[in-house]
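Student: My questions will all concern the structure given below.
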Amino acid sequence: GDILSSQIMSKTLTTVRLMSPDDANPAGNVHGGSIMKMIEMSGYVAAMRHLNSSKSTGFVVTYRLEHMDFLRPMFIGTLAKLNARVVFIKDSDILVEVIVKAEDVFLNKESLTNKAFVWYTAFESLEHPKKNTDLKELKRASVSGESIQVSDLESKMFVAMHSQMESDRRPKNSKSEAEKKDGGEKNMMLTPQPSKPDEKALPPSASASDLMQIILPSDCTSFGLAYGGVLMKLMDNSAGLVSVRHCRSNVVTACVDAIDFLQPVLLGDLVKVSGRGTFASSRSLEVQVLVHIESTRFKGIRLAARGLYTFVSLGKDGKPQPLPPILPQTEDEKHEFGRGLARYLKRRAARKALSAAKKQKNCKK
């Protein structure tokens, strides 16, 4: 294969992969989905190695990818270096940190492109999951965290991260009509209302897109479960398609909000990946992606994964350029627009706070 190096004896799993034209997006840079696929697979091996080197034996499934920024582009011909290590254990949940760097072999320079945190859940049984229609029927493994060394500050951060993950994944109670009305009014207050509609504004339905694919053996682990990275790449493809249709330009993935994996996707399942724009600032587009599955294991359709991607529109010079606004029309679209605006403002505030902290740190030096 194209894995050039893999160190699996130390606590940190290191993989090195040469970026080829197969990994390129239309602009010639490495596809964001390809990077996410590499991240998840590196994390999977690190989690499996940790699980089976402890007292437990079994397998892991991808549970969640935390928010991740694409800090710098990666180019064809560079070496992608991924360092994955288990940093936190909570019962049967394993958190893996994956650091991605790109090495220019001609200039002998290395740059950080991504820092990701991926959660995996461990199960004891090595029985093929196809014999169990739901992973809830399997017993979760108790994973040892004795060999993990992190600071108290990092430990507190990971505990908070785990609590937030459980809260986000917990089924929400349906809202009453009054709550829906209040929420809608708040969203409308958050949403800037132009005096005149922008002629370039587009409704979410204008760019909404669906992709369908059957899960093949090459997409799966040895246990017949689809790799989380395979689904992440499909989701990125769907979000990219929405972005291109909305912006009518080249686009790149800027960041990914938490991606939750809610149902196992198995060999032979039919997946439908649906994307739609939820919010647009002057230079970025947020796209919601949902993955539904049909299977011979059950009747009907189930939601298997969900995530939010943010894309930036690029001009012919390769620099960010303005993009058309989104014009929500239905009540659901207006609700999602308001939530998207809140997330955008939160991210912008976080960037400003980080920038201010760096300036303060430099001044002290």
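Naming scheme: A, B, ... for chains in displayed order of the structure tokens; residues 1 onward per chain; ligands 1 onward as shown.
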Can you list every residue in region 270-342 of chain A that DSSP puts in alpha helix (DSSP H), as a ChimeraX atom specification?
Tutor: /A:331-342
Student: Hey, which bits of region 247-359 of chain A sit within 12 Å of region 57-80 of chain A, and for each residue what's the closest pair of atoms and how far apart in Å (one decimal), counting only C-alpha atoms, rows by chain and increasing number, as CSV?
Tutor:
residue,atom,partner,partner_atom,distance
A:Val252,CA,A:Pro73,CA,8.9
A:Thr253,CA,A:Phe70,CA,7.0
A:Ala254,CA,A:Phe70,CA,5.4
A:Cys255,CA,A:Asp69,CA,4.2
A:Val256,CA,A:Met68,CA,5.2
A:Asp257,CA,A:His67,CA,4.2
A:Ala258,CA,A:Glu66,CA,4.4
A:Ile259,CA,A:Leu65,CA,5.0
A:Asp260,CA,A:Arg64,CA,4.6
A:Phe261,CA,A:Tyr63,CA,5.2
A:Leu262,CA,A:Tyr63,CA,7.4
A:Gln263,CA,A:Tyr63,CA,9.3
A:Pro264,CA,A:Val61,CA,8.0
A:Val265,CA,A:Val61,CA,10.0
A:Leu266,CA,A:Val61,CA,11.2
A:Ala304,CA,A:Tyr63,CA,10.8
A:Ala305,CA,A:Arg64,CA,9.3
A:Arg306,CA,A:Arg64,CA,9.8
A:Gly307,CA,A:Leu65,CA,9.1
A:Leu308,CA,A:His67,CA,9.3
A:Tyr309,CA,A:His67,CA,9.7
A:Thr310,CA,A:Asp69,CA,9.4
A:Phe311,CA,A:Phe70,CA,10.3
A:Val312,CA,A:Phe70,CA,11.2
A:Gly318,CA,A:Pro73,CA,11.3
A:Arg343,CA,A:His67,CA,11.8
A:Arg347,CA,A:His67,CA,10.6
A:Arg351,CA,A:Asp69,CA,11.3
Student: Take the residues from that selection and put them in a file with N, CA, C and O atoms, as a short mmCIF file (atom, residue, chain, number, x, y, z; two decimals), in the first residue's frame.
Tutor:
data_model
loop_
_atom_site.label_atom_id
_atom_site.label_comp_id
_atom_site.auth_asym_id
_atom_site.auth_seq_id
_atom_site.Cartn_x
_atom_site.Cartn_y
_atom_site.Cartn_z
N VAL A 252 -12.59 25.03 -0.25
CA VAL A 252 -11.75 24.18 0.60
C VAL A 252 -12.41 24.04 1.96
O VAL A 252 -13.13 24.94 2.42
N THR A 253 -12.16 22.91 2.62
CA THR A 253 -12.69 22.70 3.96
C THR A 253 -11.89 23.53 4.94
O THR A 253 -10.66 23.43 5.01
N ALA A 254 -12.57 24.39 5.71
CA ALA A 254 -11.90 25.24 6.69
C ALA A 254 -11.88 24.59 8.07
O ALA A 254 -10.88 24.62 8.77
N CYS A 255 -13.01 23.99 8.46
CA CYS A 255 -13.08 23.31 9.75
C CYS A 255 -14.25 22.35 9.76
O CYS A 255 -15.13 22.41 8.90
N VAL A 256 -14.23 21.46 10.73
CA VAL A 256 -15.31 20.49 10.92
C VAL A 256 -15.75 20.57 12.36
O VAL A 256 -14.92 20.49 13.27
N ASP A 257 -17.03 20.79 12.59
CA ASP A 257 -17.56 20.71 13.94
C ASP A 257 -17.70 19.23 14.31
O ASP A 257 -17.47 18.36 13.47
N ALA A 258 -18.04 18.96 15.54
CA ALA A 258 -18.10 17.58 16.00
C ALA A 258 -18.96 16.71 15.08
O ALA A 258 -20.07 17.07 14.72
N ILE A 259 -18.40 15.56 14.69
CA ILE A 259 -19.13 14.56 13.91
C ILE A 259 -19.48 13.41 14.85
O ILE A 259 -18.59 12.81 15.46
N ASP A 260 -20.75 13.11 14.97
CA ASP A 260 -21.20 12.02 15.84
C ASP A 260 -21.61 10.82 15.01
O ASP A 260 -22.34 10.96 14.02
N PHE A 261 -21.16 9.63 15.42
CA PHE A 261 -21.54 8.37 14.79
C PHE A 261 -22.56 7.69 15.69
O PHE A 261 -22.24 7.27 16.80
N LEU A 262 -23.81 7.62 15.21
CA LEU A 262 -24.94 7.23 16.05
C LEU A 262 -25.37 5.78 15.88
O LEU A 262 -25.94 5.18 16.78
N GLN A 263 -25.12 5.23 14.70
CA GLN A 263 -25.49 3.84 14.39
C GLN A 263 -24.34 3.17 13.66
O GLN A 263 -23.66 3.82 12.85
N PRO A 264 -24.09 1.89 13.90
CA PRO A 264 -23.04 1.20 13.14
C PRO A 264 -23.44 1.05 11.68
O PRO A 264 -24.61 0.82 11.36
N VAL A 265 -22.46 1.21 10.80
CA VAL A 265 -22.66 1.00 9.36
C VAL A 265 -21.86 -0.23 8.98
O VAL A 265 -20.64 -0.28 9.20
N LEU A 266 -22.53 -1.22 8.42
CA LEU A 266 -21.91 -2.52 8.17
C LEU A 266 -21.75 -2.80 6.68
O LEU A 266 -22.36 -2.13 5.84
N ALA A 304 -27.33 7.47 10.86
CA ALA A 304 -26.10 6.83 11.30
C ALA A 304 -25.03 7.82 11.74
O ALA A 304 -24.21 7.51 12.61
N ALA A 305 -25.01 9.01 11.15
CA ALA A 305 -23.99 10.01 11.51
C ALA A 305 -24.48 11.39 11.14
O ALA A 305 -25.34 11.56 10.27
N ARG A 306 -23.91 12.39 11.82
CA ARG A 306 -24.27 13.78 11.52
C ARG A 306 -23.06 14.66 11.81
O ARG A 306 -22.24 14.35 12.66
N GLY A 307 -22.94 15.74 11.06
CA GLY A 307 -21.80 16.63 11.27
C GLY A 307 -22.02 17.96 10.58
O GLY A 307 -22.93 18.12 9.76
N LEU A 308 -21.17 18.93 10.92
CA LEU A 308 -21.22 20.26 10.34
C LEU A 308 -19.85 20.60 9.77
O LEU A 308 -18.84 20.49 10.46
N TYR A 309 -19.83 21.00 8.51
CA TYR A 309 -18.59 21.36 7.82
C TYR A 309 -18.63 22.85 7.46
O TYR A 309 -19.69 23.38 7.09
N THR A 310 -17.49 23.51 7.53
CA THR A 310 -17.40 24.90 7.10
C THR A 310 -16.42 25.00 5.94
O THR A 310 -15.28 24.53 6.04
N PHE A 311 -16.87 25.60 4.84
CA PHE A 311 -16.06 25.73 3.64
C PHE A 311 -15.80 27.21 3.33
O PHE A 311 -16.60 28.08 3.71
N VAL A 312 -14.70 27.46 2.65
CA VAL A 312 -14.33 28.80 2.20
C VAL A 312 -14.28 28.80 0.69
O VAL A 312 -13.75 27.85 0.07
N GLY A 318 -6.56 31.87 -5.70
CA GLY A 318 -6.41 30.94 -4.59
C GLY A 318 -6.67 31.55 -3.24
O GLY A 318 -6.46 30.89 -2.21
N ARG A 343 -23.18 29.62 16.18
CA ARG A 343 -21.91 28.88 16.11
C ARG A 343 -20.81 29.72 15.48
O ARG A 343 -19.66 29.72 15.92
N ARG A 347 -17.30 30.81 17.22
CA ARG A 347 -15.99 30.50 16.64
C ARG A 347 -15.17 31.77 16.45
O ARG A 347 -13.96 31.79 16.72
N ARG A 351 -11.55 32.69 18.14
CA ARG A 351 -10.35 33.06 17.37
C ARG A 351 -9.76 34.38 17.88
O ARG A 351 -8.54 34.51 18.00
#
Student: Could you please determine the separation between CA of Thr296 (chain A) and CA of Pro217 (chain A) in Å, to one decimal place?
Tutor: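 Spanning CA of Thr296 (chain A) to CA of Pro217 (chain A) is a straight-line distance of 16.4 Å.
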Student: Fewer than 6 positions away in the same chain doesn't count, so skip those; otherwise give me all residues within 8 Å of Cys247 (chain A), counting only C-alpha atoms, as a CSV table (one decimal) with N, CA, C and O atoms, in the first residue's frame.
Tutor:
chain,number,residue,atom,x,y,z
A,313,SER,N,-14.8,29.8,0.1
A,313,SER,CA,-14.8,30.0,-1.4
A,313,SER,C,-13.5,30.6,-1.8
A,313,SER,O,-13.1,31.6,-1.2
A,323,LEU,N,-18.9,35.2,-0.8
A,323,LEU,CA,-19.8,34.2,-1.4
A,323,LEU,C,-21.2,34.6,-1.2
A,323,LEU,O,-21.5,35.5,-0.4
A,324,PRO,N,-22.2,34.0,-2.0
A,324,PRO,CA,-23.6,34.5,-1.9
A,324,PRO,C,-24.1,34.2,-0.5
A,324,PRO,O,-23.8,33.1,0.1
Student: To one decimal place, how far is CA of Arg297 (chain A) from CA of Asp269 (chain A) in Å?
Tutor: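 Here the two named atoms are 8.8 Å from each other.
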Student: Point out the residue among A:Asn114, A:Asn250, A:Gln329, A:Ser34 with the least atom-to-atom distance to Arg17 (chain A), counting only C-alpha atoms.
Tutor: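 Nearest to Arg17 (chain A): A:Ser34.
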Student: If we count only C-alpha atoms and set the cut-off at 6 Å, which residues sit around region 85-98 of chain A, ignoring sequence neighbours fewer than 2 positions away in its own chain? Please answer as a ChimeraX atom specification.
Tutor: /A:12,43,83,115-122,141-143,145
Student: With N, CA, C and O atoms retained, could you export that selection as a PDB file, in the first residue's frame?
Tutor:
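The resulting result00.pdb:
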ATOM      1  N   THR A  12       3.197   6.043  20.940  1.00  0.00           N
ATOM      2  CA  THR A  12       2.677   6.865  19.854  1.00  0.00           C
ATOM      3  C   THR A  12       2.779   6.097  18.539  1.00  0.00           C
ATOM      4  O   THR A  12       3.850   5.610  18.181  1.00  0.00           O
ATOM      5  N   GLY A  43      -6.127   6.832  14.216  1.00  0.00           N
ATOM      6  CA  GLY A  43      -6.726   6.760  15.542  1.00  0.00           C
ATOM      7  C   GLY A  43      -7.275   5.381  15.843  1.00  0.00           C
ATOM      8  O   GLY A  43      -7.159   4.883  16.972  1.00  0.00           O
ATOM      9  N   ASN A  83       0.834  11.358  13.925  1.00  0.00           N
ATOM     10  CA  ASN A  83       1.191  10.790  15.224  1.00  0.00           C
ATOM     11  C   ASN A  83      -0.084  10.642  16.045  1.00  0.00           C
ATOM     12  O   ASN A  83      -0.745  11.640  16.359  1.00  0.00           O
ATOM     13  N   LYS A 115      -4.834  19.108  14.063  1.00  0.00           N
ATOM     14  CA  LYS A 115      -4.758  18.480  15.378  1.00  0.00           C
ATOM     15  C   LYS A 115      -6.168  18.008  15.704  1.00  0.00           C
ATOM     16  O   LYS A 115      -7.085  18.814  15.815  1.00  0.00           O
ATOM     17  N   ALA A 116      -6.330  16.693  15.820  1.00  0.00           N
ATOM     18  CA  ALA A 116      -7.669  16.126  15.968  1.00  0.00           C
ATOM     19  C   ALA A 116      -7.771  15.268  17.217  1.00  0.00           C
ATOM     20  O   ALA A 116      -6.786  14.687  17.678  1.00  0.00           O
ATOM     21  N   PHE A 117      -9.001  15.201  17.754  1.00  0.00           N
ATOM     22  CA  PHE A 117      -9.321  14.299  18.854  1.00  0.00           C
ATOM     23  C   PHE A 117     -10.477  13.410  18.388  1.00  0.00           C
ATOM     24  O   PHE A 117     -11.527  13.916  17.997  1.00  0.00           O
ATOM     25  N   VAL A 118     -10.245  12.090  18.429  1.00  0.00           N
ATOM     26  CA  VAL A 118     -11.245  11.132  17.967  1.00  0.00           C
ATOM     27  C   VAL A 118     -11.593  10.182  19.101  1.00  0.00           C
ATOM     28  O   VAL A 118     -10.694   9.612  19.735  1.00  0.00           O
ATOM     29  N   TRP A 119     -12.900  10.016  19.359  1.00  0.00           N
ATOM     30  CA  TRP A 119     -13.380   9.073  20.379  1.00  0.00           C
ATOM     31  C   TRP A 119     -13.729   7.734  19.736  1.00  0.00           C
ATOM     32  O   TRP A 119     -14.311   7.680  18.659  1.00  0.00           O
ATOM     33  N   TYR A 120     -13.375   6.655  20.448  1.00  0.00           N
ATOM     34  CA  TYR A 120     -13.745   5.304  20.041  1.00  0.00           C
ATOM     35  C   TYR A 120     -14.389   4.606  21.243  1.00  0.00           C
ATOM     36  O   TYR A 120     -14.039   4.891  22.386  1.00  0.00           O
ATOM     37  N   THR A 121     -15.309   3.709  20.962  1.00  0.00           N
ATOM     38  CA  THR A 121     -15.922   2.903  22.021  1.00  0.00           C
ATOM     39  C   THR A 121     -15.494   1.455  21.848  1.00  0.00           C
ATOM     40  O   THR A 121     -15.505   0.929  20.736  1.00  0.00           O
ATOM     41  N   ALA A 122     -15.100   0.820  22.958  1.00  0.00           N
ATOM     42  CA  ALA A 122     -14.573  -0.541  22.927  1.00  0.00           C
ATOM     43  C   ALA A 122     -15.638  -1.559  23.309  1.00  0.00           C
ATOM     44  O   ALA A 122     -16.416  -1.339  24.249  1.00  0.00           O
ATOM     45  N   ALA A 141     -16.324  -3.063  26.615  1.00  0.00           N
ATOM     46  CA  ALA A 141     -15.105  -3.457  27.320  1.00  0.00           C
ATOM     47  C   ALA A 141     -14.702  -2.385  28.318  1.00  0.00           C
ATOM     48  O   ALA A 141     -14.911  -1.188  28.094  1.00  0.00           O
ATOM     49  N   SER A 142     -14.141  -2.809  29.428  1.00  0.00           N
ATOM     50  CA  SER A 142     -13.576  -1.890  30.410  1.00  0.00           C
ATOM     51  C   SER A 142     -12.103  -1.717  30.060  1.00  0.00           C
ATOM     52  O   SER A 142     -11.333  -2.674  30.089  1.00  0.00           O
ATOM     53  N   VAL A 143     -11.717  -0.490  29.707  1.00  0.00           N
ATOM     54  CA  VAL A 143     -10.376  -0.245  29.187  1.00  0.00           C
ATOM     55  C   VAL A 143      -9.486   0.347  30.266  1.00  0.00           C
ATOM     56  O   VAL A 143      -9.897   1.251  31.007  1.00  0.00           O
ATOM     57  N   GLY A 145      -6.509   2.585  31.764  1.00  0.00           N
ATOM     58  CA  GLY A 145      -5.840   3.841  31.418  1.00  0.00           C
ATOM     59  C   GLY A 145      -4.619   4.088  32.271  1.00  0.00           C
ATOM     60  O   GLY A 145      -4.132   5.217  32.361  1.00  0.00           O
TER      61      GLY A 145
END
Student: Would you tabulate, counting only C-alpha atoms, all residues of region 259-340 of chain A that have an atom at most 7 Å from an atom of region 227-240 of chain A, showing the closest pair of atoms and their distance in Å to one decimal, sorted by chain then ascending number, as a tab-separated table?
Tutor:
residue	atom	partner	partner_atom	distance
A:Val273	CA	A:Met235	CA	6.4
A:Ser274	CA	A:Ser238	CA	6.7
A:Gly275	CA	A:Ala239	CA	5.6
A:Val287	CA	A:Ala239	CA	5.8
A:Val289	CA	A:Met235	CA	6.3
A:Tyr309	CA	A:Ala239	CA	6.6
Student: From the options A:Pro320, A:His31, A:Glu199, A:Lys139, which residue's atoms come nearest to Ser249 (chain A), counting only C-alpha atoms?
Tutor: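 For Ser249 (chain A), the nearest of the candidates is A:Pro320.
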Student: Pick out the closest residue to Phe337 (chain A) from this set: A:Lys358, A:Lys319, A:Arg169, A:Arg276. Count only C-alpha atoms.
Tutor: A:Arg276
Student: As a PyMOL selection string, list the residues of region 135-330 of chain A assigned to strand (DSSP E or B) by DSSP on the backbone atoms of this structure.
Tutor: chain A and resi 140+202+209-214+220+225-226+250-256+259-261+266+270-280+284-294+302-314+320+326
Student: Just C-alpha atoms for this one: save the residues we selected as a CSV table (one decimal), in the first residue's frame.
Tutor:
chain,number,residue,atom,x,y,z
A,140,ARG,CA,-18.7,-2.9,26.3
A,202,LEU,CA,-29.8,31.5,-2.5
A,209,SER,CA,-27.3,17.5,-2.5
A,210,ASP,CA,-27.5,13.7,-1.9
A,211,LEU,CA,-24.9,11.0,-2.5
A,212,MET,CA,-25.6,7.3,-2.3
A,213,GLN,CA,-23.1,4.4,-1.9
A,214,ILE,CA,-23.1,0.8,-0.9
A,220,CYS,CA,-14.6,-2.0,6.3
A,225,LEU,CA,-17.8,-2.4,10.2
A,226,ALA,CA,-17.3,0.6,8.0
A,250,ASN,CA,-13.4,26.2,-6.0
A,251,VAL,CA,-13.8,25.6,-2.3
A,252,VAL,CA,-11.8,24.2,0.6
A,253,THR,CA,-12.7,22.7,4.0
A,254,ALA,CA,-11.9,25.2,6.7
A,255,CYS,CA,-13.1,23.3,9.7
A,256,VAL,CA,-15.3,20.5,10.9
A,259,ILE,CA,-19.1,14.6,13.9
A,260,ASP,CA,-21.2,12.0,15.8
A,261,PHE,CA,-21.5,8.4,14.8
A,266,LEU,CA,-21.9,-2.5,8.2
A,270,LEU,CA,-26.7,1.4,1.6
A,271,VAL,CA,-25.8,4.9,2.8
A,272,LYS,CA,-27.4,8.1,1.8
A,273,VAL,CA,-25.3,11.2,2.5
A,274,SER,CA,-27.4,14.4,2.5
A,275,GLY,CA,-25.9,17.9,2.7
A,276,ARG,CA,-27.5,21.4,2.8
A,277,GLY,CA,-26.3,24.9,3.6
A,278,THR,CA,-27.4,26.2,7.0
A,279,PHE,CA,-25.5,29.5,7.3
A,280,ALA,CA,-23.2,31.8,5.3
A,284,SER,CA,-17.6,31.0,4.8
A,285,LEU,CA,-20.4,28.5,4.3
A,286,GLU,CA,-21.6,26.1,7.0
A,287,VAL,CA,-23.0,22.8,5.6
A,288,GLN,CA,-25.0,20.2,7.7
A,289,VAL,CA,-24.4,16.6,6.6
A,290,LEU,CA,-26.6,13.7,7.6
A,291,VAL,CA,-25.9,10.0,6.9
A,292,HIS,CA,-28.8,7.6,6.8
A,293,ILE,CA,-28.6,3.9,6.2
A,294,GLU,CA,-30.8,1.2,4.7
A,302,ARG,CA,-31.8,5.0,10.4
A,303,LEU,CA,-29.7,8.1,11.0
A,304,ALA,CA,-26.1,6.8,11.3
A,305,ALA,CA,-24.0,10.0,11.5
A,306,ARG,CA,-24.3,13.8,11.5
A,307,GLY,CA,-21.8,16.6,11.3
A,308,LEU,CA,-21.2,20.3,10.3
A,309,TYR,CA,-18.6,21.4,7.8
A,310,THR,CA,-17.4,24.9,7.1
A,311,PHE,CA,-16.1,25.7,3.6
A,312,VAL,CA,-14.3,28.8,2.2
A,313,SER,CA,-14.8,30.0,-1.4
A,314,LEU,CA,-11.5,30.6,-3.3
A,320,PRO,CA,-10.7,33.6,0.0
A,326,ILE,CA,-28.1,32.1,2.3
Student: What does the distance from CA of Ala27 (chain A) to CA of Ser218 (chain A) come to in Å, to one decimal?
Tutor: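 A separation of 26.7 Å between them.
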